[in-house]
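Presented below is the structure to which this report refers.
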Amino acid sequence: MSTSNSSNRQEKLSSVKLAVVQYGILLMVLALAGGLWRLQVLGAENFRQLAEANRIRKEPIMAPRGKLFDRENRLIVDNYPSVTCFLVREQSHNVDADLPLIARGLNLDLDQLRATLKRYQSSPGYQPIPIKQDITADEQAFIAAHRNELPELETIDVERRLYPRDGFAAHLIGYVGEVSEDDLNNPRFAFYEPGDVVGKAGVEETYDALLRGQDGSRDVIVDSHGREVGYLRTQHAIPGQDLRLTIDNDLQRAAELALGDRNGAIVAMDPRNGEILAMVSRPSFDPNEFAVKINRAEWNKLVTDPDHPLMNKAIQAQLAPGSTFKILMSVAGLQEGIAQNMHIVCNGGWGPYGFFHHCDEKHGPVDIHNAIPYSCDTFYYMLGDKLGIDRIVKYATEFGFGQKTGIDLPGEQAGLMPSPDWLLKNFHHRWYPDETLDVAIGQGAIEVTPIQLARAISGIASGGHLVRPHVVFPDELPPDFRKALIDSFPGSGTAYVPIDPQNWITITDGMAQVTEPGMFHTAGSAHLEGIDFAGKTGTAQVMSHEALSHAEKGRSSYPNTWFVGVTPRRDPELVVAVLWQNGEFSFYPARIGAKVVEAYVNKQRRLAKNLPPEKAPAPVEMGAVWSEPDAHGGPGDGSGAKLQGGSFLVANGQLAAEGGLKTRSQASQKQEAASRQPAAAGRSGRSALMAQTQSSTGKVP
Amino acid sequence: MRRLLSFRDFDWALLGMVLVLCVVSVLEIYSTTVHTRFASFESKQMIFIAAGLVGMFVLAKVDYHRLLDWSPWMYGFFLLSLVAVKAVGHKALGARRWIAVGPVQFQPSEWVKLVLVLVVARYFANLGGRNLTWKEIFKAFTLVGAPMALVLIQPDLGTTLTYAPILVAGLFLGGISFRQAAILIVCGTALIAGVWSSGKVLKPYQKARLTSFINPDNDPRGSGYQIRQSLIAVGDGGIWGKGQSKGSQTQGYFLPIPYTDFIFAAFSEEHGFVGAVFVLLLYFFILMRLIQNAQTAADLPGSLIIMGIVAVLTFQIAVNVGMVIGFMPVTGIPLPLMSYGGSSVLFAFLALGVAMNVRMRRFVN
């Protein structure tokens with residue numbers, strides 16, 4: 001139509017050009033088909049795997065940790081279900097921009113969250129970073145509601161540790177925590193991954209390999225938003241092995257209550273086989289704080305506390321044993337044929353080398369039979385002088401002083417048995433005979449741990465049969481684990497040091513006299529009627545007499561006090577070692593030990609007669625009056641004493657609650673004074689009981 | 001003079017192939033959206049196709065010579081509407097491309113394509129196929145360059161690029177000489193290099209999108225993500241495909257916008273190499289059929305119109321499928337007749353309508 005106005009015009013397209021276009025299109029289609037061939041035929045397998053990796057996420061299934069039971073299969077440590085939140089950096093476009101929202105939603109400190117992520121800077125982006133443990137239902141809802149905005153957040157169900165409250169057996173059980181970056185570089189933790197929970201102290205640490213089990217995993221099908229749309233394969237977790245501990249809940253409780261909040265430790269053991277029946281250390285801590293991530297303030301409080309709450313003093317406190325060492329001295333003296341021939345007169349001390357060594361009292365005539373109950377220093381100065389340091393060291397070493405016992409708990413200390421060689425090597429001076437006199441009464445450089453003392457003294461009471469203490473029954477462990485365990489906890493272990501039967505009887509009878517009321521007997525007030533209860537007290541100065549006279553008066557200058565008791569006196573079934581740091585008078589720990597022994601004997605008798613456990617009677621309200629002696633007054637000095645009164649609720653022999661104490665501010669002074677004051681304790685049975693029960697429950701106002 | 005027009009001369013074979021593609025498209029849109037909030041997009045697509053068919057038949061009835069006569073007016077109108085979009089348009093996904101006309105959202109840039117085909121065909125037909133002068137070449141560049149510039153500032157890089165093949169086809173078929181073409185290619189390369197390095201015309205995200213296809217793993221979370229997921233989807237399909245609605249990349253939403261720009265990746269995952277090559281062959285035969293129609297057209301303008309349409313379709317197929325399989329950058333160009341979208345479907349059918357129009361009048365004179 002309108003195109004025909006010019007005849008010289010080309011009316012058709014050149015067919016050559018059209019052919020060029022056709023071939024061009026053919027070429028394009030072939031190129032595209034070639035591209036498809038490369039991807040879909042040649043690369044199919046590779047891309048199929050990539051698609052699977054996109055679609056399938058491996059989710060760990062945490063193995064529940066093995067539970068802990070006491071020797072009678074009563075549950076001590078349980079698990080509870082909990083949810084942990086992880087952050088996977090790869091799943092977000094901009095993690096840093098999301099952090100403020102995450103911190104707000106999960107109630108985290110933003111700086112701390114940033115620091116957490118920084119620690120994982122070098123790990124790959126798909127590595128899940130645990131950012132909060134044990135999140136609340138609200139926080140879970142926050143994560144669910146922000147799936148699209150915060151695709152990097154993941155949650156995972158875990159079983160978490162539930163420990164007894166109030167730090168019950170806390171040091172023995174230990175605690176678990178997230179494996180640290182440092183740990184991960186340690187070959188021992190080769191099988192652990194970030195975020196894994198590992199035992200960090202006590203039984204939890206020693207038996208971690210058994211308790212932890214084996215985590216499983218599940219292949220979850222997810223979409224690009226991380227929503228789970230299905231499951232594929234599930235590899236079930238293998239739960240950790242439950243463990244039966246050797247401790248007896250009843251005795252542990254008795255020991256916990258007996259020690260109260262005093263700074264110290266109790267260890268109770270069966271000397272026949274080394275089974276630990278109770279182990280207490282004070283001050284304690286709450287392991288549940290560690291089960292979830294412990295916060296920094298709480299941690300700082302624990303590590304800076306001068307009384308070292310995290311230290312298991314039963315195996316880690318190394319202190320001079322004081323007079324408890326005289327049992328070892330007696331063995332050495334009798335076995336060497338010296339002590340039985342010594343008949344001395346104590347005039348309040350002895351000073352053959354120019355320096356006068358004091359005795360607490362003027363005991364008058366003393367021989368080996370009353371030297372133990374009197375704890376007469378003069379006798380042992382002379383015995384030590386006759387024995388000489390080398391023979392003392394020989395016996396001490398045989399009975400395990402200066403060596404670890406090999407208990408299956410981490411961090412045991414070896415103590416210290418000084419010797420001339422040791423002194424020369426470390427202090428480059430010769431051994432003076434005066435130093436032998438100090439060692440002879442358990443003072444000077446000698447250091448022991450409560451567990452060491454319990455093993456040594458119960459070994460002596462067992463006629464020289466020494467055992468390796470342990471908190472888990474070895475025959476309930478897999479054989480290879482048991483072997484590895486013994487290798488990894490070297491110690492003096494099981495040993496037999498023969499003691500002449502006559503000497504054995506002499507010593508054990510002497511120890512039995514300690515708790516018999518009598519003139520100069522050091523722990524007469526710890527007497528238990530109808531129970532064959534033997535023991536030895538110890539008091540170790542924390543400062544020299546000179547230093548003490550210059551130092552300010554205060555708790556920290558009080559001597560450390562010890563008591564090691566056994567029942568019955570020969571071939572005992574139970575040994576109890578009590579340490580009360582700065583406890584001042586050694587009959588206090590003796591009374592604490594007596595309570596544990598009493599609880600043990602009562603339970604054994606009840607079981608023998610097949611009686612039901614005591615039912616706790618309803619609390620009874622009691623009134624009490626006591627006198628408060630002058631705080632700086634000596635024993636028996638009643639001047640300045642004030643009369644105090646108060647009411648208490650007493651249940652089952654224990655203080656349940658306390659009523660209105662008159663003059664509360666004075667009450668605490670009274671409390672300390674009364675518990676230190678032998679005169680007050682002796683004067684009124686009632687007030688002594690009240691004072692004792694009150695402090696033993698730890699409710700000092 | 002003119003034989004009675006009849007739909008017997010309509011290209012039923014071409015329409016048949018197009019409808020097969022439409023069925024494939026609707027099925028794949030269903031598959032990719034069924035479990036999402038975009039469910040029922042396949043019904044909307046069917047409505048678009050129906051509307052497109054109606055538009056195609058209507059447009060086939062109007063003599064293309066009249067369309068050519070009107071085309072300068074339409075060209076002027078759409079240039080103005082592009083300016084209007086920039087001024088008062090509706091902002092979606094960071095770009096002003098849409099303008100609301102009553103209840104209908106209107107994207108003029110798609111329509112410009114068709115108008116450009118007509119205008120360029122008219123321009124080169126009037127030149128009569130002889131050798132071109134530089135002035136005439138410059139005029140052709142201005143003709144196409146003006147709407148390109150307006151669309152580029154929307155910004156819509158993909159649509160902008162689809163205008164270029166119209167110009168290239170017009171110049172090639174309209175009589176450009178080898179020497180002129182060589183000079184233009186050299187100058188064009190220099191210009192592109194200059195624009196790229198100046199960093200003013202292209203936005204950073206556009207540049208990132210254009211380069212990430214070369215190595216998508218450089219930035220697997222950013223612009224490389226789409227390419228990477230697309231490659232995985234295509235490769236995951238293997239020879240026979242995962243089956244309808246069974247592609248994990250598609251169904252797990254790893255593949256971005258699987259019902260529009262990446263529909264070919266979704267289809268390739270679910271129907272494999274066999275299905276993908278089948279679709280490619282359909283496109284090939286459709287294009288061949290169109291070129292045959294251009295060959296048999298009654299006059300030069302008719303041929304040029306169809307070849308303009310062929311150029312646009314070829315370019316879009318090459319760029320879209322090339323993008324899906326990692327040969328081309330991500331440009332946001334839909335796959336004609338497959339991707340979901342009213343404007344895209346309407347353009348394809350109206351373009352086919354014009355091509356039918358030319359074919360039906362091939363025996364005129």
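By convention here, the chains of the structure tokens are called A, B, ... in the order presented, each chain's residues are numbered starting at 1, and ligands are numbered starting at 1 in the order presented.
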Provide as a tab-separated table (two decimals) with N, CA and C atoms, in the first residue's frame the residues of chain A at most 8 Å from chain B, counting only C-alpha atoms.
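Printed below is result.tsv as written:
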chain	number	residue	atom	x	y	z
A	1	MET	N	0.83	-1.19	0.00
A	1	MET	CA	0.00	0.00	0.00
A	1	MET	C	0.87	1.24	0.00
A	2	SER	N	1.29	1.74	1.15
A	2	SER	CA	2.00	3.01	1.20
A	2	SER	C	3.48	2.86	0.90
A	3	THR	N	3.91	1.61	0.71
A	3	THR	CA	5.34	1.42	0.51
A	3	THR	C	5.74	1.49	-0.96
A	9	ARG	N	13.20	1.20	-4.56
A	9	ARG	CA	13.36	0.68	-3.19
A	9	ARG	C	13.43	-0.82	-3.17
A	10	GLN	N	14.19	-1.33	-2.23
A	10	GLN	CA	14.25	-2.76	-2.03
A	10	GLN	C	13.00	-3.16	-1.27
A	11	GLU	N	12.20	-4.08	-1.83
A	11	GLU	CA	10.93	-4.43	-1.21
A	11	GLU	C	11.04	-5.63	-0.28
A	12	LYS	N	12.15	-6.33	-0.37
A	12	LYS	CA	12.31	-7.54	0.45
A	12	LYS	C	13.63	-7.47	1.22
A	13	LEU	N	13.63	-8.19	2.34
A	13	LEU	CA	14.88	-8.30	3.08
A	13	LEU	C	15.79	-9.30	2.38
A	14	SER	N	17.05	-9.07	2.48
A	14	SER	CA	17.99	-10.00	1.86
A	14	SER	C	17.92	-11.34	2.56
A	15	SER	N	17.76	-12.41	1.78
A	15	SER	CA	17.63	-13.74	2.42
A	15	SER	C	18.95	-14.17	3.03
A	17	LYS	N	20.86	-12.18	4.80
A	17	LYS	CA	20.84	-11.62	6.17
A	17	LYS	C	19.91	-12.42	7.07
A	18	LEU	N	18.77	-12.83	6.49
A	18	LEU	CA	17.84	-13.63	7.32
A	18	LEU	C	18.49	-14.96	7.70
A	22	GLN	N	19.09	-16.63	11.31
A	22	GLN	CA	18.65	-17.99	11.67
A	22	GLN	C	19.81	-18.80	12.25
A	25	ILE	N	20.56	-17.65	15.70
A	25	ILE	CA	19.63	-18.17	16.72
A	25	ILE	C	19.93	-19.64	17.00
A	26	LEU	N	20.24	-20.39	15.94
A	26	LEU	CA	20.59	-21.80	16.14
A	26	LEU	C	21.81	-21.92	17.06
A	28	MET	N	22.79	-19.81	19.26
A	28	MET	CA	22.40	-19.45	20.62
A	28	MET	C	21.73	-20.63	21.32
A	29	VAL	N	20.81	-21.28	20.58
A	29	VAL	CA	20.10	-22.40	21.21
A	29	VAL	C	21.08	-23.52	21.54
A	32	LEU	N	23.05	-22.56	24.62
A	32	LEU	CA	22.25	-22.72	25.85
A	32	LEU	C	22.08	-24.20	26.19
A	33	ALA	N	21.82	-25.00	25.15
A	33	ALA	CA	21.65	-26.44	25.40
A	33	ALA	C	22.96	-27.01	25.92
A	35	GLY	N	25.15	-25.41	27.68
A	35	GLY	CA	25.23	-25.00	29.09
A	35	GLY	C	24.39	-25.90	29.97
A	36	LEU	N	23.21	-26.23	29.49
A	36	LEU	CA	22.34	-27.11	30.27
A	36	LEU	C	22.98	-28.49	30.41
A	37	TRP	N	23.59	-28.96	29.32
A	37	TRP	CA	24.26	-30.28	29.35
A	37	TRP	C	25.36	-30.28	30.41
A	39	LEU	N	25.62	-28.45	33.08
A	39	LEU	CA	25.08	-28.42	34.45
A	39	LEU	C	24.32	-29.69	34.80
A	40	GLN	N	23.46	-30.10	33.87
A	40	GLN	CA	22.47	-31.12	34.25
A	40	GLN	C	22.96	-32.54	34.01
A	41	VAL	N	23.88	-32.69	33.09
A	41	VAL	CA	24.36	-34.04	32.81
A	41	VAL	C	25.74	-34.25	33.41
A	43	GLY	N	27.42	-32.08	35.50
A	43	GLY	CA	27.57	-31.61	36.89
A	43	GLY	C	26.46	-32.05	37.81
A	44	ALA	N	25.61	-32.96	37.35
A	44	ALA	CA	24.41	-33.28	38.11
A	44	ALA	C	24.73	-33.74	39.53
A	45	GLU	N	25.73	-34.62	39.64
A	45	GLU	CA	26.04	-35.20	40.95
A	45	GLU	C	26.50	-34.11	41.93
A	46	ASN	N	27.39	-33.28	41.44
A	46	ASN	CA	27.90	-32.19	42.26
A	46	ASN	C	26.78	-31.26	42.72
A	47	PHE	N	25.91	-30.89	41.78
A	47	PHE	CA	24.84	-29.97	42.14
A	47	PHE	C	23.78	-30.63	43.01
A	48	ARG	N	23.63	-31.95	42.81
A	48	ARG	CA	22.67	-32.66	43.67
A	48	ARG	C	23.15	-32.57	45.13
A	50	LEU	N	25.10	-30.26	46.38
A	50	LEU	CA	24.95	-28.88	46.84
A	50	LEU	C	23.51	-28.61	47.24
A	51	ALA	N	22.59	-29.14	46.45
A	51	ALA	CA	21.17	-28.94	46.76
A	51	ALA	C	20.82	-29.62	48.07
A	54	ASN	N	22.08	-27.62	50.88
A	54	ASN	CA	21.17	-26.50	51.08
A	54	ASN	C	19.99	-26.91	51.94
A	55	ARG	N	19.49	-28.07	51.61
A	55	ARG	CA	18.19	-28.49	52.09
A	55	ARG	C	18.30	-29.18	53.44
A	92	SER	N	22.97	-15.33	57.86
A	92	SER	CA	22.48	-13.95	57.87
A	92	SER	C	23.31	-13.11	56.92
A	93	HIS	N	22.67	-12.07	56.38
A	93	HIS	CA	23.41	-11.17	55.48
A	93	HIS	C	24.32	-10.27	56.29
A	222	VAL	N	15.18	-28.39	55.64
A	222	VAL	CA	14.79	-27.00	55.92
A	222	VAL	C	14.57	-26.28	54.61
A	223	ASP	N	13.84	-25.16	54.70
A	223	ASP	CA	13.72	-24.31	53.53
A	223	ASP	C	14.72	-23.16	53.69
A	224	SER	N	14.69	-22.24	52.73
A	224	SER	CA	15.73	-21.20	52.73
A	224	SER	C	15.60	-20.28	53.92
A	225	HIS	N	14.46	-20.30	54.62
A	225	HIS	CA	14.33	-19.48	55.83
A	225	HIS	C	14.76	-20.25	57.07
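These are the residues of region 48-188 of chain B assigned strand (DSSP E) by DSSP from backbone coordinates: His90, Lys91, Ala92, Ala95, Arg96, Arg97, Trp98, Ile99, Ala100, Val101, Val104, Gln105 and Phe106 of chain B.
For region 154-160 of chain A, the residues within 6 Å (counting only C-alpha atoms, excluding itself and residues fewer than 5 positions away along the chain) are Met62, Pro64, Asn79, Tyr80, Pro81, Ser82, Val83, Thr84, Cys85 and Phe86 of chain A.
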(message) Between CA of Tyr395 (chain A) and CA of His363 (chain A), what is the distance in Å, rounded to a tenth?
(response)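 CA of His363 (chain A) lies at a distance of 27.0 Å from CA of Tyr395 (chain A).
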(request) Calculate how many Å separate CA of Val578 (chain A) from CA of Thr561 (chain A), rounding to one decimal. (result) 8.2 Å
(message) Nearest residue to Ser339 (chain B) out of B:Tyr163, B:Tyr30, B:Phe363, B:Trp73, using only C-alpha atoms?
(response) B:Tyr30
Step one, run DSSP on the backbone; step two, keep only residues of region 229-258 of chain B assigned to alpha helix (DSSP H); then write them as a tab-separated table (two decimals) with C-alpha atoms, in the first residue's frame.
chain	number	residue	atom	x	y	z
B	229	GLN	CA	21.07	-21.08	43.81
B	230	SER	CA	19.97	-21.01	40.19
B	231	LEU	CA	22.94	-23.12	39.09
B	232	ILE	CA	22.29	-25.58	41.89
B	233	ALA	CA	18.64	-25.81	40.88
B	234	VAL	CA	19.41	-26.45	37.22
B	235	GLY	CA	22.16	-28.95	37.98
B	236	ASP	CA	20.09	-30.66	40.63
B	237	GLY	CA	17.52	-31.48	37.93
B	248	SER	CA	14.07	-29.03	46.58
B	249	GLN	CA	15.67	-25.79	45.45
B	250	THR	CA	12.35	-24.56	44.17
B	251	GLN	CA	10.10	-25.90	46.90
(request) Considering only C-alpha atoms, return as a ChimeraX atom specification whatever protein or nucleic-acid residues lie within 10 Å of Asn107 (chain A), sequence-local ones (same chain, fewer than 6 positions apart) excluded. (result) /A:101,132,135,139
Next, dump the selected residues to file, keeping only N, CA and C atoms, as a PDB file, in the first residue's frame.
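Done, and the output landed in out.pdb:
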ATOM      1  N   LEU A 101      19.335  -6.158  68.154  1.00  0.00           N
ATOM      2  CA  LEU A 101      18.007  -6.772  68.288  1.00  0.00           C
ATOM      3  C   LEU A 101      18.117  -8.111  69.027  1.00  0.00           C
ATOM      4  N   LYS A 132      23.411 -18.301  74.073  1.00  0.00           N
ATOM      5  CA  LYS A 132      22.733 -18.278  75.371  1.00  0.00           C
ATOM      6  C   LYS A 132      22.206 -19.661  75.706  1.00  0.00           C
ATOM      7  N   ILE A 135      17.474 -20.843  77.658  1.00  0.00           N
ATOM      8  CA  ILE A 135      16.660 -19.661  77.390  1.00  0.00           C
ATOM      9  C   ILE A 135      15.231 -19.881  77.865  1.00  0.00           C
ATOM     10  N   GLU A 139      11.972 -15.985  75.499  1.00  0.00           N
ATOM     11  CA  GLU A 139      13.065 -15.831  74.537  1.00  0.00           C
ATOM     12  C   GLU A 139      12.894 -16.794  73.359  1.00  0.00           C
TER      13      GLU A 139
END
(request) May I have the residues within 8 Å of region 14-28 of chain B as number ranges by chain, using only C-alpha atoms and disregarding those fewer than 2 positions away in the same chain? (result) B: 11-12, 30-32, 42-43, 45-46, 49, 244, 259, 263, 266-267, 279, 282, 286, 289-290, 337-340
Save the residues we just selected, N, CA and C atoms, as a short mmCIF file (atom, residue, chain, number, x, y, z; two decimals), in the first residue's frame?
data_model
loop_
_atom_site.label_atom_id
_atom_site.label_comp_id
_atom_site.auth_asym_id
_atom_site.auth_seq_id
_atom_site.Cartn_x
_atom_site.Cartn_y
_atom_site.Cartn_z
N ASP B 11 -1.41 -17.87 11.53
CA ASP B 11 -0.39 -18.90 11.71
C ASP B 11 -0.76 -19.81 12.87
N TRP B 12 -1.58 -20.79 12.59
CA TRP B 12 -2.07 -21.66 13.66
C TRP B 12 -0.95 -22.52 14.26
N TYR B 30 2.35 -22.75 38.86
CA TYR B 30 1.61 -23.44 39.91
C TYR B 30 2.58 -24.15 40.86
N SER B 31 3.53 -24.86 40.26
CA SER B 31 4.47 -25.64 41.07
C SER B 31 5.31 -24.76 42.00
N THR B 32 5.69 -23.60 41.52
CA THR B 32 6.59 -22.78 42.33
C THR B 32 5.86 -21.94 43.37
N GLU B 42 -1.01 -18.94 39.09
CA GLU B 42 -1.20 -19.59 37.80
C GLU B 42 -2.55 -19.22 37.19
N SER B 43 -3.57 -19.00 38.05
CA SER B 43 -4.87 -18.58 37.49
C SER B 43 -4.77 -17.18 36.91
N GLN B 45 -2.13 -15.89 35.71
CA GLN B 45 -1.37 -16.00 34.47
C GLN B 45 -2.30 -16.45 33.34
N MET B 46 -3.24 -17.36 33.66
CA MET B 46 -4.18 -17.81 32.63
C MET B 46 -5.06 -16.66 32.15
N ILE B 49 -3.02 -14.66 29.87
CA ILE B 49 -2.89 -15.31 28.56
C ILE B 49 -4.16 -15.11 27.74
N GLN B 244 7.50 -32.85 38.76
CA GLN B 244 6.67 -31.67 39.01
C GLN B 244 6.48 -31.44 40.51
N TYR B 259 9.01 -17.91 40.07
CA TYR B 259 7.88 -17.88 39.14
C TYR B 259 8.06 -16.80 38.09
N ILE B 263 12.13 -18.71 36.43
CA ILE B 263 11.21 -19.81 36.19
C ILE B 263 11.89 -20.92 35.39
N ALA B 266 13.64 -23.20 37.78
CA ALA B 266 12.69 -24.05 38.48
C ALA B 266 12.23 -25.19 37.56
N PHE B 267 11.93 -24.80 36.31
CA PHE B 267 11.46 -25.81 35.36
C PHE B 267 12.56 -26.84 35.10
N VAL B 279 11.84 -27.13 25.89
CA VAL B 279 11.40 -25.74 25.89
C VAL B 279 12.29 -24.91 24.95
N LEU B 282 11.18 -25.50 21.51
CA LEU B 282 9.94 -24.77 21.22
C LEU B 282 10.26 -23.33 20.85
N ILE B 286 9.57 -21.52 17.30
CA ILE B 286 8.75 -20.30 17.25
C ILE B 286 9.52 -19.20 16.51
N ARG B 289 9.80 -19.94 12.83
CA ARG B 289 8.51 -19.72 12.20
C ARG B 289 8.29 -18.23 11.94
N LEU B 290 8.71 -17.41 12.94
CA LEU B 290 8.55 -15.96 12.79
C LEU B 290 9.44 -15.45 11.66
N LEU B 337 6.78 -15.49 27.54
CA LEU B 337 5.77 -16.55 27.52
C LEU B 337 5.91 -17.56 28.66
N MET B 338 6.99 -17.49 29.45
CA MET B 338 7.14 -18.42 30.58
C MET B 338 6.99 -17.68 31.91
N SER B 339 7.68 -16.59 32.05
CA SER B 339 7.65 -15.88 33.33
C SER B 339 6.26 -15.34 33.62
N TYR B 340 5.95 -15.34 34.94
CA TYR B 340 4.68 -14.78 35.36
C TYR B 340 4.73 -13.26 35.19
#
(message) List as a list in words the protein and nucleic acid residues near region 329-332 of chain B, meaning an atom at most 7 Å away when only C-alpha atoms are counted, but skip any in the same chain fewer than 5 places from it.
(response) Leu157, Gly158, Arg209, Leu210, Thr211, Ser212, Phe213, Asp261 and Met323 of chain B
If you keep N, CA and C atoms, can you produce a file of those selected residues as a PDB file, in the first residue's frame?
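Output file again-v7.pdb follows:
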ATOM      1  N   LEU B 157      17.322  -1.519  34.433  1.00  0.00           N
ATOM      2  CA  LEU B 157      18.405  -1.850  33.520  1.00  0.00           C
ATOM      3  C   LEU B 157      17.965  -2.927  32.530  1.00  0.00           C
ATOM      4  N   GLY B 158      17.239  -3.933  33.030  1.00  0.00           N
ATOM      5  CA  GLY B 158      16.863  -5.072  32.191  1.00  0.00           C
ATOM      6  C   GLY B 158      16.047  -4.634  30.986  1.00  0.00           C
ATOM      7  N   ARG B 209      25.544  -6.900  40.269  1.00  0.00           N
ATOM      8  CA  ARG B 209      24.724  -7.925  39.643  1.00  0.00           C
ATOM      9  C   ARG B 209      25.303  -8.339  38.295  1.00  0.00           C
ATOM     10  N   LEU B 210      25.859  -7.347  37.604  1.00  0.00           N
ATOM     11  CA  LEU B 210      26.380  -7.632  36.268  1.00  0.00           C
ATOM     12  C   LEU B 210      27.660  -8.445  36.318  1.00  0.00           C
ATOM     13  N   THR B 211      28.392  -8.397  37.430  1.00  0.00           N
ATOM     14  CA  THR B 211      29.672  -9.106  37.460  1.00  0.00           C
ATOM     15  C   THR B 211      29.645 -10.387  38.292  1.00  0.00           C
ATOM     16  N   SER B 212      28.663 -10.513  39.178  1.00  0.00           N
ATOM     17  CA  SER B 212      28.740 -11.640  40.110  1.00  0.00           C
ATOM     18  C   SER B 212      28.564 -12.980  39.410  1.00  0.00           C
ATOM     19  N   PHE B 213      27.996 -12.986  38.199  1.00  0.00           N
ATOM     20  CA  PHE B 213      27.794 -14.272  37.528  1.00  0.00           C
ATOM     21  C   PHE B 213      29.124 -14.918  37.168  1.00  0.00           C
ATOM     22  N   ASP B 261      11.630 -14.337  37.002  1.00  0.00           N
ATOM     23  CA  ASP B 261      12.909 -14.332  36.298  1.00  0.00           C
ATOM     24  C   ASP B 261      13.581 -15.691  36.300  1.00  0.00           C
ATOM     25  N   MET B 323      21.312 -16.286  31.923  1.00  0.00           N
ATOM     26  CA  MET B 323      21.440 -15.918  33.337  1.00  0.00           C
ATOM     27  C   MET B 323      21.210 -17.144  34.224  1.00  0.00           C
TER      28      MET B 323
END
